[in-house]
>>> print(open('start_18.cif').read())   # mmCIF, C-alpha atoms
data_data
loop_
_atom_site.label_atom_id
_atom_site.label_comp_id
_atom_site.auth_asym_id
_atom_site.auth_seq_id
_atom_site.Cartn_x
_atom_site.Cartn_y
_atom_site.Cartn_z
CA MET A 651 23.74 -24.09 14.04
CA PRO A 652 24.63 -25.92 10.84
CA GLU A 653 28.08 -27.37 10.43
CA THR A 654 30.65 -24.89 9.28
CA ASP A 655 33.47 -27.32 8.43
CA ASN A 656 32.66 -27.64 4.76
CA LYS A 657 31.40 -24.13 4.20
CA ILE A 658 33.05 -21.76 1.78
CA PRO A 659 34.01 -18.31 3.08
CA LEU A 660 32.02 -15.78 1.08
CA ASP A 661 34.01 -13.99 -1.61
CA TRP A 662 31.48 -11.36 -2.63
CA ASP A 663 33.42 -10.40 -5.77
CA ALA A 664 33.54 -14.00 -6.94
CA LEU A 665 29.92 -14.83 -6.12
CA GLU A 666 28.10 -15.47 -9.39
CA VAL A 667 24.65 -14.06 -10.07
CA GLY A 668 22.57 -16.96 -11.31
CA GLU A 669 24.18 -19.53 -9.04
CA THR A 670 21.38 -21.97 -8.25
CA PHE A 671 21.52 -24.01 -5.08
CA GLU A 672 20.61 -27.62 -4.46
CA LYS A 673 16.87 -28.02 -4.09
CA PHE A 674 15.62 -28.01 -0.52
CA GLU A 675 12.65 -30.11 0.61
CA TYR A 676 10.66 -30.03 3.81
CA VAL A 677 7.25 -31.01 5.09
CA LEU A 678 5.18 -28.14 6.44
CA THR A 679 3.49 -29.48 9.56
CA GLN A 680 0.36 -28.24 11.31
CA GLU A 681 2.52 -27.60 14.36
CA MET A 682 4.75 -25.25 12.32
CA ILE A 683 1.69 -23.41 11.03
CA ASP A 684 0.16 -23.07 14.52
CA CYS A 685 3.44 -21.82 15.98
CA TYR A 686 3.82 -19.29 13.17
CA ARG A 687 0.27 -18.01 13.53
CA GLU A 688 0.72 -17.56 17.25
CA GLY A 689 3.97 -15.68 16.69
CA VAL A 690 2.49 -13.28 14.16
CA MET A 691 -0.76 -12.96 16.15
CA ASP A 692 -2.88 -13.81 13.12
CA PRO A 693 -4.97 -17.01 13.24
CA GLU A 694 -5.56 -16.79 9.50
CA ALA A 695 -1.95 -16.16 8.42
CA SER A 696 -1.70 -18.18 5.24
CA PHE A 697 1.98 -18.25 4.36
CA PRO A 698 4.01 -19.71 7.25
CA THR A 699 6.68 -20.40 4.64
CA ILE A 700 7.87 -16.81 5.22
CA ALA A 701 9.43 -17.82 8.54
CA HIS A 702 11.39 -20.63 6.92
CA LYS A 703 13.65 -18.14 5.13
CA VAL A 704 14.08 -20.65 2.35
CA ASP A 705 15.66 -18.16 -0.01
CA VAL A 706 18.79 -17.94 2.13
CA ARG A 707 18.77 -21.42 3.67
CA GLN A 708 20.83 -23.08 0.96
CA TYR A 709 23.10 -20.06 0.67
CA ASN A 710 23.77 -20.33 4.40
CA ALA A 711 24.37 -24.06 4.07
CA LYS A 712 27.05 -23.46 1.47
CA TYR A 713 28.72 -20.20 2.48
CA THR A 714 29.97 -18.70 5.70
CA ASP A 715 30.11 -14.94 6.20
CA ASP A 716 29.85 -12.27 8.90
CA GLY A 717 26.07 -12.56 9.02
CA SER A 718 23.50 -10.38 7.38
CA VAL A 719 20.67 -7.95 7.82
CA ASN A 720 17.52 -8.04 5.76
CA ALA A 721 17.33 -4.73 3.92
CA ARG A 722 14.40 -5.45 1.64
CA CYS A 723 12.09 -8.38 1.05
CA ALA A 724 9.38 -9.08 -1.50
CA PHE A 725 6.87 -11.88 -1.17
CA HIS A 726 4.53 -13.15 -3.90
CA CYS A 727 1.50 -15.19 -2.82
CA TYR A 728 0.28 -17.84 -5.26
CA ASN A 729 -1.43 -20.56 -3.21
CA PRO A 730 -1.42 -21.04 0.57
CA PRO A 731 0.53 -24.17 1.52
CA VAL A 732 -1.33 -27.10 3.06
CA ALA A 733 -0.23 -28.85 6.24
CA GLY A 734 1.41 -32.21 5.72
CA ARG A 735 2.51 -31.55 2.16
CA LYS A 736 6.14 -31.66 1.09
CA LEU A 737 7.47 -28.41 -0.31
CA THR A 738 10.34 -28.20 -2.75
CA VAL A 739 12.31 -24.98 -2.86
CA THR A 740 14.54 -23.77 -5.67
CA ALA A 741 16.75 -20.85 -4.66
CA TRP A 742 19.37 -18.86 -6.50
CA ILE A 743 21.50 -15.72 -6.38
CA ALA A 744 19.37 -13.19 -8.24
CA ASP A 745 21.68 -10.18 -7.97
CA LYS A 746 24.41 -8.50 -5.99
CA TYR A 747 25.24 -4.82 -5.70
CA LEU A 748 27.38 -2.29 -3.91
CA ARG A 749 25.63 0.72 -2.38
CA ARG A 750 27.31 3.38 -0.25
CA GLY A 751 30.28 1.08 0.10
CA LYS A 752 28.18 -1.79 1.45
CA ASN A 753 27.79 -5.21 -0.13
CA TYR A 754 24.34 -6.63 -0.80
CA ILE A 755 23.26 -10.03 -2.06
CA VAL A 756 19.83 -10.68 -3.54
CA THR A 757 18.48 -14.21 -3.19
CA GLU A 758 15.30 -15.50 -4.75
CA ALA A 759 13.36 -18.70 -4.12
CA VAL A 760 10.25 -20.38 -5.43
CA SER A 761 8.34 -23.02 -3.47
CA VAL A 762 6.20 -25.73 -5.07
CA ASP A 763 4.25 -28.42 -3.23
CA GLU A 764 4.20 -32.14 -3.99
CA ASP A 765 1.10 -31.70 -6.18
CA GLY A 766 2.94 -29.20 -8.33
CA ARG A 767 1.07 -26.18 -6.96
CA LEU A 768 3.10 -22.99 -7.00
CA ILE A 769 3.11 -21.70 -3.42
CA ASP A 770 5.14 -18.52 -3.22
CA ARG A 771 8.17 -16.56 -4.38
CA VAL A 772 10.45 -14.60 -2.07
CA ILE A 773 13.16 -12.13 -3.02
CA THR A 774 15.47 -10.82 -0.31
CA HIS A 775 18.15 -8.14 -0.32
CA GLU A 776 20.65 -8.84 2.43
CA LEU A 777 23.27 -6.37 3.64
CA LYS A 778 26.38 -8.41 4.32
CA GLN A 779 27.82 -6.00 6.89
CA PRO A 780 25.33 -6.51 9.72
CA SER A 781 27.33 -4.45 12.23
CA GLU A 782 26.17 -1.39 10.28
CA VAL A 783 22.86 -1.74 12.12
CA GLY A 784 24.48 -1.12 15.48
CA LYS A 785 26.62 1.71 14.09
CA LYS A 786 23.62 3.47 12.61
CA TRP A 787 20.96 2.78 15.19
CA GLY A 788 23.04 2.28 18.30
CA GLY A 789 21.96 0.11 21.19
CA MET B 679 -17.14 -18.18 -6.76
CA VAL B 680 -17.54 -14.42 -6.87
CA GLY B 681 -17.03 -12.50 -3.64
CA PRO B 682 -18.44 -9.15 -2.59
CA VAL B 683 -17.93 -6.21 -4.90
CA ARG B 684 -15.02 -4.04 -3.86
CA ASN B 685 -15.47 -0.36 -4.51
CA ILE B 686 -11.79 0.52 -4.59
CA GLN B 687 -10.60 4.00 -5.57
CA ILE B 688 -7.16 5.62 -5.82
CA ASP B 689 -6.29 7.45 -2.57
CA ASP B 690 -8.47 5.12 -0.51
CA ASP B 691 -6.95 4.40 2.88
CA VAL B 692 -6.40 0.78 3.78
CA PRO B 693 -7.50 0.03 7.37
CA SER B 694 -4.39 0.16 9.54
CA LEU B 695 -2.97 -2.77 11.47
CA VAL B 696 -1.27 -2.44 14.86
CA LYS B 697 1.11 -5.05 16.26
CA GLU B 698 2.80 -5.18 19.66
CA MET B 699 6.19 -6.79 19.19
CA THR B 700 7.33 -9.08 22.00
CA GLN B 701 10.29 -11.38 22.42
CA ASP B 702 7.86 -14.29 22.78
CA ALA B 703 6.37 -13.46 19.39
CA ILE B 704 9.83 -13.29 17.84
CA ASN B 705 10.78 -16.62 19.41
CA LEU B 706 7.62 -18.26 18.07
CA PHE B 707 8.20 -16.86 14.60
CA GLU B 708 11.79 -18.12 14.52
CA GLY B 709 10.87 -21.41 16.19
CA SER B 710 8.05 -22.14 13.77
CA ALA B 711 10.64 -22.98 11.14
CA GLY B 712 12.66 -25.12 13.51
CA GLN B 713 15.40 -22.54 13.77
CA GLU B 714 17.13 -23.36 17.01
CA GLY B 715 20.14 -21.93 18.71
CA PRO B 716 20.96 -18.32 19.47
CA SER B 717 20.52 -15.71 16.77
CA GLN B 718 20.33 -11.95 16.52
CA PHE B 719 16.57 -12.36 16.83
CA THR B 720 16.45 -14.48 19.94
CA ASP B 721 19.63 -13.86 21.92
CA GLU B 722 21.03 -10.55 23.17
CA ASP B 723 24.64 -11.74 23.05
CA ALA B 724 24.25 -12.88 19.46
CA ALA B 725 22.61 -9.56 18.56
CA ARG B 726 25.45 -7.64 20.21
CA GLU B 727 28.07 -9.71 18.40
CA THR B 728 26.44 -9.70 14.97
CA LEU B 729 24.63 -6.38 14.82
CA GLY B 730 26.30 -4.31 17.52
CA THR B 731 22.95 -3.65 19.16
CA SER B 732 22.24 -3.94 22.88
CA GLY B 733 19.25 -6.18 22.36
CA THR B 734 17.51 -8.43 19.91
CA VAL B 735 15.64 -7.25 16.86
CA ALA B 736 12.72 -8.76 14.98
CA SER B 737 13.31 -10.26 11.57
CA GLY B 738 12.19 -7.97 8.77
CA ARG B 739 10.15 -10.91 7.62
CA MET B 740 7.82 -10.34 10.58
CA SER B 741 7.08 -6.84 9.30
CA LEU B 742 6.57 -8.36 5.86
CA THR B 743 4.07 -10.79 7.37
CA PHE B 744 2.14 -7.96 9.04
CA ALA B 745 1.97 -5.97 5.81
CA ILE B 746 0.66 -9.10 4.10
CA GLU B 747 -1.98 -9.48 6.83
CA MET B 748 -3.12 -5.86 6.38
CA LEU B 749 -3.56 -6.35 2.64
CA ARG B 750 -5.14 -9.80 2.99
CA ILE B 751 -7.81 -8.28 5.22
CA TYR B 752 -8.31 -5.39 2.77
CA PHE B 753 -8.52 -7.41 -0.44
CA GLY B 754 -9.88 -10.62 1.08
CA GLY B 755 -7.99 -13.87 1.29
CA ASP B 756 -9.69 -15.21 -1.82
CA VAL B 757 -7.97 -12.47 -3.82
CA PHE B 758 -4.79 -11.67 -1.94
CA ASN B 759 -3.68 -15.23 -1.18
CA HIS B 760 -3.56 -16.00 -4.89
CA SER B 761 -2.23 -12.79 -6.41
CA GLY B 762 -0.85 -10.66 -3.60
CA VAL B 763 2.62 -9.17 -3.52
CA VAL B 764 4.34 -7.12 -0.84
CA ASP B 765 7.75 -5.52 -1.36
CA LEU B 766 9.06 -3.85 1.79
CA ARG B 767 12.29 -2.00 2.61
CA PHE B 768 13.39 -2.10 6.22
CA LEU B 769 14.58 1.29 7.40
CA ARG B 770 14.93 0.89 11.17
CA PRO B 771 15.11 -2.08 13.51
CA VAL B 772 11.93 -3.31 15.17
CA ARG B 773 12.59 -4.41 18.74
CA PRO B 774 10.68 -6.22 21.46
CA GLY B 775 8.41 -3.69 23.16
CA ASP B 776 7.78 -1.71 19.99
CA THR B 777 4.27 -1.01 18.77
CA ILE B 778 4.22 -1.00 14.99
CA THR B 779 1.39 0.55 13.00
CA PHE B 780 1.01 -0.45 9.37
CA THR B 781 -0.88 1.89 7.07
CA GLY B 782 -1.66 1.80 3.39
CA LYS B 783 -3.13 3.97 0.66
CA VAL B 784 -4.26 2.88 -2.79
CA SER B 785 -1.86 4.54 -5.20
CA ASP B 786 -2.61 2.99 -8.57
CA MET B 787 -5.11 0.86 -10.46
CA SER B 788 -4.41 -0.60 -13.85
CA LYS B 789 -6.01 -3.12 -16.16
CA ASP B 790 -4.56 -6.60 -16.04
CA ALA B 791 -5.31 -9.71 -18.06
CA ASN B 792 -7.09 -11.19 -15.04
CA GLY B 793 -8.78 -8.10 -13.65
CA SER B 794 -7.38 -4.89 -12.21
CA LYS B 795 -4.04 -4.59 -10.49
CA VAL B 796 -4.50 -2.47 -7.38
CA THR B 797 -1.32 -1.06 -5.87
CA VAL B 798 -1.03 0.15 -2.28
CA ASP B 799 1.71 2.30 -0.75
CA ILE B 800 2.65 0.80 2.61
CA GLN B 801 4.28 2.42 5.63
CA ALA B 802 5.20 1.00 9.03
CA GLN B 803 5.86 3.30 12.00
CA ASN B 804 6.84 2.60 15.57
CA GLN B 805 5.40 4.21 18.70
CA ASN B 806 7.78 7.17 18.26
CA GLU B 807 6.42 7.74 14.75
CA ASP B 808 9.75 6.68 13.28
CA THR B 809 9.29 4.90 9.98
CA THR B 810 10.54 1.33 10.25
CA GLY B 811 9.55 0.18 6.79
CA VAL B 812 8.12 1.39 3.49
CA GLY B 813 7.08 -0.33 0.34
CA LYS B 814 4.32 -1.33 -1.97
CA GLY B 815 1.83 -4.12 -2.16
CA SER B 816 -0.60 -5.18 -4.84
CA ALA B 817 -3.22 -7.69 -5.79
CA ILE B 818 -5.08 -8.57 -8.95
CA VAL B 819 -8.76 -8.00 -8.25
CA PRO B 820 -10.97 -9.95 -10.68
CA ASN B 821 -13.30 -7.80 -12.77
CA ALA B 822 -16.28 -9.64 -11.31
CA TYR B 823 -15.38 -8.22 -7.90
CA LEU B 824 -15.30 -4.61 -9.12
CA PRO B 825 -18.24 -2.32 -9.96
CA GLN B 826 -19.26 -2.73 -13.59
CA GLU B 827 -18.22 0.13 -15.87
CA GLU B 828 -21.09 2.18 -17.35
#
>>> encode(input="start_18.cif", output="structure tokens")
Amino acid sequence: MPETDNKIPLDWDALEVGETFEKFEYVLTQEMIDCYREGVMDPEASFPTIAHKVDVRQYNAKYTDDGSVNARCAFHCYNPPVAGRKLTVTAWIADKYLRRGKNYIVTEAVSVDEDGRLIDRVITHELKQPSEVGKKWGG
Amino acid sequence: MVGPVRNIQIDDDVPSLVKEMTQDAINLFEGSAGQEGPSQFTDEDAARETLGTSGTVASGRMSLTFAIEMLRIYFGGDVFNHSGVVDLRFLRPVRPGDTITFTGKVSDMSKDANGSKVTVDIQAQNQNEDTTGVGKGSAIVPNAYLPQEE
């Protein structure tokens, strides 16, 4: 788990749409790709970046909250990433909304590799009251 | 390079994709990104505390991945991996032991600057025929891949 000492408790009302997080960089290794492909049971799965959840990584590094549940996710494929290349991710708060009394945050991220190739775009709607899952769907 | 011609029509069914969800698969998916430590996906106690469920659930991103696989196979990687989009809403949890069937139907075709945008309605159902996810996917199919107009 990341450190929580310096994290800011989420104030949903104060959260600003458009807030852009510090860029995040990582190297996608062949081991990561192999592990992902085994997990999704698809030897040709081309976008292991999905599992890295990069759209919420920097949000989670900055803010602390009660957790979240993924309510909706969109993924745009541009170019499959290549093992061994460094990826740079830019992520931001794309939207927030209240629906049926529940708070949602929409994060968006774009990944680019070290050669400047656009890799993918991911947009995620997270419900910030995760205990609703248990209330609605039980054990 | 031009691939095989795709004779795509509105209302065409996309070949379905069936996935057996296991805890091992979930653990590999989460672990592939170096995510360590207990989470609602990998640890029952964490799931109980965070979600209020008795067991773990799979990340919605796994369902997203499966929908992407279904459309990649349908359109071909040469097309889908460079223009594909999937937008999925998660309606029910997917748990270890579930069998999820992804289906799709072509719902729209429209001209695009780089070919034709083909849109597919996507549905995911578990073994009880409960819908776990719905959404849309699309890809831009180059004109060279489509039958020539008369």
>>> closest_residue(input="start_18.cif", among="A:Glu666, A:Asp765, A:Glu782, A:Asp770", to="Asn720 in chain A", atoms="only C-alpha atoms")
A:Glu782
>>> interface_residues(input="start_18.cif", of="chain A", to="chain B", cutoff="8 Å", atoms="only C-alpha atoms", output="PyMOL selection string")
chain A and resi 651+681-686+688-692+695-696+700-702+716-717+720-730+780-785+787-789
>>> write_last_selection(input="start_18.cif", atoms="C-alpha atoms", output="PDB file, keeping the file's coordinate frame")
ATOM      1  CA  MET A 651      23.740 -24.090  14.040  1.00  0.00           C
ATOM      2  CA  GLU A 681       2.520 -27.600  14.360  1.00  0.00           C
ATOM      3  CA  MET A 682       4.750 -25.250  12.320  1.00  0.00           C
ATOM      4  CA  ILE A 683       1.690 -23.410  11.030  1.00  0.00           C
ATOM      5  CA  ASP A 684       0.160 -23.070  14.520  1.00  0.00           C
ATOM      6  CA  CYS A 685       3.440 -21.820  15.980  1.00  0.00           C
ATOM      7  CA  TYR A 686       3.820 -19.290  13.170  1.00  0.00           C
ATOM      8  CA  GLU A 688       0.720 -17.560  17.250  1.00  0.00           C
ATOM      9  CA  GLY A 689       3.970 -15.680  16.690  1.00  0.00           C
ATOM     10  CA  VAL A 690       2.490 -13.280  14.160  1.00  0.00           C
ATOM     11  CA  MET A 691      -0.760 -12.960  16.150  1.00  0.00           C
ATOM     12  CA  ASP A 692      -2.880 -13.810  13.120  1.00  0.00           C
ATOM     13  CA  ALA A 695      -1.950 -16.160   8.420  1.00  0.00           C
ATOM     14  CA  SER A 696      -1.700 -18.180   5.240  1.00  0.00           C
ATOM     15  CA  ILE A 700       7.870 -16.810   5.220  1.00  0.00           C
ATOM     16  CA  ALA A 701       9.430 -17.820   8.540  1.00  0.00           C
ATOM     17  CA  HIS A 702      11.390 -20.630   6.920  1.00  0.00           C
ATOM     18  CA  ASP A 716      29.850 -12.270   8.900  1.00  0.00           C
ATOM     19  CA  GLY A 717      26.070 -12.560   9.020  1.00  0.00           C
ATOM     20  CA  ASN A 720      17.520  -8.040   5.760  1.00  0.00           C
ATOM     21  CA  ALA A 721      17.330  -4.730   3.920  1.00  0.00           C
ATOM     22  CA  ARG A 722      14.400  -5.450   1.640  1.00  0.00           C
ATOM     23  CA  CYS A 723      12.090  -8.380   1.050  1.00  0.00           C
ATOM     24  CA  ALA A 724       9.380  -9.080  -1.500  1.00  0.00           C
ATOM     25  CA  PHE A 725       6.870 -11.880  -1.170  1.00  0.00           C
ATOM     26  CA  HIS A 726       4.530 -13.150  -3.900  1.00  0.00           C
ATOM     27  CA  CYS A 727       1.500 -15.190  -2.820  1.00  0.00           C
ATOM     28  CA  TYR A 728       0.280 -17.840  -5.260  1.00  0.00           C
ATOM     29  CA  ASN A 729      -1.430 -20.560  -3.210  1.00  0.00           C
ATOM     30  CA  PRO A 730      -1.420 -21.040   0.570  1.00  0.00           C
ATOM     31  CA  PRO A 780      25.330  -6.510   9.720  1.00  0.00           C
ATOM     32  CA  SER A 781      27.330  -4.450  12.230  1.00  0.00           C
ATOM     33  CA  GLU A 782      26.170  -1.390  10.280  1.00  0.00           C
ATOM     34  CA  VAL A 783      22.860  -1.740  12.120  1.00  0.00           C
ATOM     35  CA  GLY A 784      24.480  -1.120  15.480  1.00  0.00           C
ATOM     36  CA  LYS A 785      26.620   1.710  14.090  1.00  0.00           C
ATOM     37  CA  TRP A 787      20.960   2.780  15.190  1.00  0.00           C
ATOM     38  CA  GLY A 788      23.040   2.280  18.300  1.00  0.00           C
ATOM     39  CA  GLY A 789      21.960   0.110  21.190  1.00  0.00           C
TER      40      GLY A 789
END
>>> atom_distance(input="start_18.cif", atom1="CA of Leu737 in chain A", atom2="CA of Leu678 in chain A")
7.1 Å
>>> residues_around(input="start_18.cif", residues="Glu758 in chain A", least_positions_apart="6", cutoff="12 Å", atoms="all atoms listed in the file", output="MDAnalysis selection string")
chainID A and resid 667:671 703:709 722:726 739:746 770:776
>>> resolve_selection(input="start_18.cif", expression="the PyMOL selection byres ((chain B and resi 796-806) around 7)", output="list in words")
Asp776, Thr777, Ile778, Thr779, Phe780, Thr781, Gly782, Lys783, Val784, Ser785, Asp786, Met787, Ser788, Ser794, Lys795, Glu807, Asp808, Thr809, Thr810, Gly811, Val812, Gly813, Lys814, Gly815, Ser816, Ala817 and Ile818 of chain B
>>> atom_distance(input="start_18.cif", atom1="CA of Thr720 in chain B", atom2="CA of Ser718 in chain A")
15.0 Å
>>> atom_distance(input="start_18.cif", atom1="CA of Gly775 in chain B", atom2="CA of Met748 in chain B")
20.5 Å
>>> resolve_selection(input="start_18.cif", expression="the PyMOL selection byres ((chain A and resi 660) around 9)", output="PyMOL selection string")
chain A and resi 657-659+661-665+713-716
>>> closest_residue(input="start_18.cif", among="A:Arg767, A:Thr679, A:Gln779, A:Glu694", to="Gly751 in chain A", atoms="all atoms listed in the file")
A:Gln779
>>> residues_around(input="start_18.cif", residues="Gly793 in chain B", least_positions_apart="2", cutoff="9 Å", atoms="only C-alpha atoms", output="ChimeraX atom specification")
/B:788-791,795,818-824
>>> write_last_selection(input="start_18.cif", atoms="C-alpha atoms", output="tab-separated table (two decimals), in the coordinates of the input")
chain	number	residue	atom	x	y	z
B	788	SER	CA	-4.41	-0.60	-13.85
B	789	LYS	CA	-6.01	-3.12	-16.16
B	790	ASP	CA	-4.56	-6.60	-16.04
B	791	ALA	CA	-5.31	-9.71	-18.06
B	795	LYS	CA	-4.04	-4.59	-10.49
B	818	ILE	CA	-5.08	-8.57	-8.95
B	819	VAL	CA	-8.76	-8.00	-8.25
B	820	PRO	CA	-10.97	-9.95	-10.68
B	821	ASN	CA	-13.30	-7.80	-12.77
B	822	ALA	CA	-16.28	-9.64	-11.31
B	823	TYR	CA	-15.38	-8.22	-7.90
B	824	LEU	CA	-15.30	-4.61	-9.12
>>> closest_residue(input="start_18.cif", among="A:Arg749, A:Arg735, A:Gln680, A:Arg687", to="Ser761 in chain A", atoms="only C-alpha atoms")
A:Arg735
>>> build_atoms(input="start_18.cif", residues="range 776-805 of chain B", atoms="N, CA and C atoms", output="PDB file, in the coordinates of the input")
ATOM      1  N   ASP B 776       8.262  -2.695  20.952  1.00  0.00           N
ATOM      2  CA  ASP B 776       7.780  -1.710  19.990  1.00  0.00           C
ATOM      3  C   ASP B 776       6.321  -1.983  19.624  1.00  0.00           C
ATOM      4  N   THR B 777       5.609  -0.914  19.355  1.00  0.00           N
ATOM      5  CA  THR B 777       4.270  -1.010  18.770  1.00  0.00           C
ATOM      6  C   THR B 777       4.364  -0.490  17.347  1.00  0.00           C
ATOM      7  N   ILE B 778       4.055  -1.349  16.404  1.00  0.00           N
ATOM      8  CA  ILE B 778       4.220  -1.000  14.990  1.00  0.00           C
ATOM      9  C   ILE B 778       2.842  -0.848  14.352  1.00  0.00           C
ATOM     10  N   THR B 779       2.656   0.290  13.699  1.00  0.00           N
ATOM     11  CA  THR B 779       1.390   0.550  13.000  1.00  0.00           C
ATOM     12  C   THR B 779       1.647   0.527  11.495  1.00  0.00           C
ATOM     13  N   PHE B 780       0.914  -0.330  10.826  1.00  0.00           N
ATOM     14  CA  PHE B 780       1.010  -0.450   9.370  1.00  0.00           C
ATOM     15  C   PHE B 780      -0.163   0.302   8.745  1.00  0.00           C
ATOM     16  N   THR B 781       0.156   1.158   7.782  1.00  0.00           N
ATOM     17  CA  THR B 781      -0.880   1.890   7.070  1.00  0.00           C
ATOM     18  C   THR B 781      -0.684   1.712   5.570  1.00  0.00           C
ATOM     19  N   GLY B 782      -1.751   1.932   4.835  1.00  0.00           N
ATOM     20  CA  GLY B 782      -1.660   1.800   3.390  1.00  0.00           C
ATOM     21  C   GLY B 782      -2.623   2.731   2.690  1.00  0.00           C
ATOM     22  N   LYS B 783      -2.263   3.114   1.477  1.00  0.00           N
ATOM     23  CA  LYS B 783      -3.130   3.970   0.660  1.00  0.00           C
ATOM     24  C   LYS B 783      -3.075   3.464  -0.779  1.00  0.00           C
ATOM     25  N   VAL B 784      -4.219   3.326  -1.395  1.00  0.00           N
ATOM     26  CA  VAL B 784      -4.260   2.880  -2.790  1.00  0.00           C
ATOM     27  C   VAL B 784      -3.621   3.952  -3.667  1.00  0.00           C
ATOM     28  N   SER B 785      -2.610   3.556  -4.423  1.00  0.00           N
ATOM     29  CA  SER B 785      -1.860   4.540  -5.200  1.00  0.00           C
ATOM     30  C   SER B 785      -2.011   4.354  -6.706  1.00  0.00           C
ATOM     31  N   ASP B 786      -2.497   3.202  -7.126  1.00  0.00           N
ATOM     32  CA  ASP B 786      -2.610   2.990  -8.570  1.00  0.00           C
ATOM     33  C   ASP B 786      -3.598   1.853  -8.843  1.00  0.00           C
ATOM     34  N   MET B 787      -4.268   1.962  -9.968  1.00  0.00           N
ATOM     35  CA  MET B 787      -5.110   0.860 -10.460  1.00  0.00           C
ATOM     36  C   MET B 787      -4.888   0.768 -11.953  1.00  0.00           C
ATOM     37  N   SER B 788      -4.648  -0.445 -12.414  1.00  0.00           N
ATOM     38  CA  SER B 788      -4.410  -0.600 -13.850  1.00  0.00           C
ATOM     39  C   SER B 788      -5.023  -1.912 -14.318  1.00  0.00           C
ATOM     40  N   LYS B 789      -5.404  -1.921 -15.584  1.00  0.00           N
ATOM     41  CA  LYS B 789      -6.010  -3.120 -16.160  1.00  0.00           C
ATOM     42  C   LYS B 789      -4.973  -4.238 -16.244  1.00  0.00           C
ATOM     43  N   ASP B 790      -5.414  -5.430 -15.947  1.00  0.00           N
ATOM     44  CA  ASP B 790      -4.560  -6.600 -16.040  1.00  0.00           C
ATOM     45  C   ASP B 790      -5.349  -7.673 -16.784  1.00  0.00           C
ATOM     46  N   ALA B 791      -4.640  -8.646 -17.299  1.00  0.00           N
ATOM     47  CA  ALA B 791      -5.310  -9.710 -18.060  1.00  0.00           C
ATOM     48  C   ALA B 791      -6.382 -10.396 -17.220  1.00  0.00           C
ATOM     49  N   ASN B 792      -6.167 -10.464 -15.904  1.00  0.00           N
ATOM     50  CA  ASN B 792      -7.090 -11.190 -15.040  1.00  0.00           C
ATOM     51  C   ASN B 792      -7.932 -10.275 -14.153  1.00  0.00           C
ATOM     52  N   GLY B 793      -7.996  -9.010 -14.476  1.00  0.00           N
ATOM     53  CA  GLY B 793      -8.780  -8.100 -13.650  1.00  0.00           C
ATOM     54  C   GLY B 793      -8.117  -6.735 -13.597  1.00  0.00           C
ATOM     55  N   SER B 794      -8.061  -6.161 -12.407  1.00  0.00           N
ATOM     56  CA  SER B 794      -7.380  -4.890 -12.210  1.00  0.00           C
ATOM     57  C   SER B 794      -6.308  -5.059 -11.156  1.00  0.00           C
ATOM     58  N   LYS B 795      -5.121  -4.564 -11.471  1.00  0.00           N
ATOM     59  CA  LYS B 795      -4.040  -4.590 -10.490  1.00  0.00           C
ATOM     60  C   LYS B 795      -4.182  -3.344  -9.623  1.00  0.00           C
ATOM     61  N   VAL B 796      -4.367  -3.574  -8.339  1.00  0.00           N
ATOM     62  CA  VAL B 796      -4.500  -2.470  -7.380  1.00  0.00           C
ATOM     63  C   VAL B 796      -3.222  -2.401  -6.566  1.00  0.00           C
ATOM     64  N   THR B 797      -2.590  -1.231  -6.582  1.00  0.00           N
ATOM     65  CA  THR B 797      -1.320  -1.060  -5.870  1.00  0.00           C
ATOM     66  C   THR B 797      -1.538  -0.177  -4.645  1.00  0.00           C
ATOM     67  N   VAL B 798      -0.899  -0.558  -3.563  1.00  0.00           N
ATOM     68  CA  VAL B 798      -1.030   0.150  -2.280  1.00  0.00           C
ATOM     69  C   VAL B 798       0.348   0.565  -1.797  1.00  0.00           C
ATOM     70  N   ASP B 799       0.489   1.851  -1.427  1.00  0.00           N
ATOM     71  CA  ASP B 799       1.710   2.300  -0.750  1.00  0.00           C
ATOM     72  C   ASP B 799       1.603   1.916   0.719  1.00  0.00           C
ATOM     73  N   ILE B 800       2.666   1.324   1.238  1.00  0.00           N
ATOM     74  CA  ILE B 800       2.650   0.800   2.610  1.00  0.00           C
ATOM     75  C   ILE B 800       3.695   1.536   3.448  1.00  0.00           C
ATOM     76  N   GLN B 801       3.321   1.834   4.691  1.00  0.00           N
ATOM     77  CA  GLN B 801       4.280   2.420   5.630  1.00  0.00           C
ATOM     78  C   GLN B 801       4.108   1.736   6.984  1.00  0.00           C
ATOM     79  N   ALA B 802       5.227   1.538   7.665  1.00  0.00           N
ATOM     80  CA  ALA B 802       5.200   1.000   9.030  1.00  0.00           C
ATOM     81  C   ALA B 802       5.913   1.998   9.939  1.00  0.00           C
ATOM     82  N   GLN B 803       5.275   2.348  11.057  1.00  0.00           N
ATOM     83  CA  GLN B 803       5.860   3.300  12.000  1.00  0.00           C
ATOM     84  C   GLN B 803       5.819   2.706  13.399  1.00  0.00           C
ATOM     85  N   ASN B 804       6.843   3.052  14.175  1.00  0.00           N
ATOM     86  CA  ASN B 804       6.840   2.600  15.570  1.00  0.00           C
ATOM     87  C   ASN B 804       6.129   3.631  16.462  1.00  0.00           C
ATOM     88  N   GLN B 805       6.138   3.369  17.756  1.00  0.00           N
ATOM     89  CA  GLN B 805       5.400   4.210  18.700  1.00  0.00           C
ATOM     90  C   GLN B 805       5.962   5.632  18.792  1.00  0.00           C
TER      91      GLN B 805
END
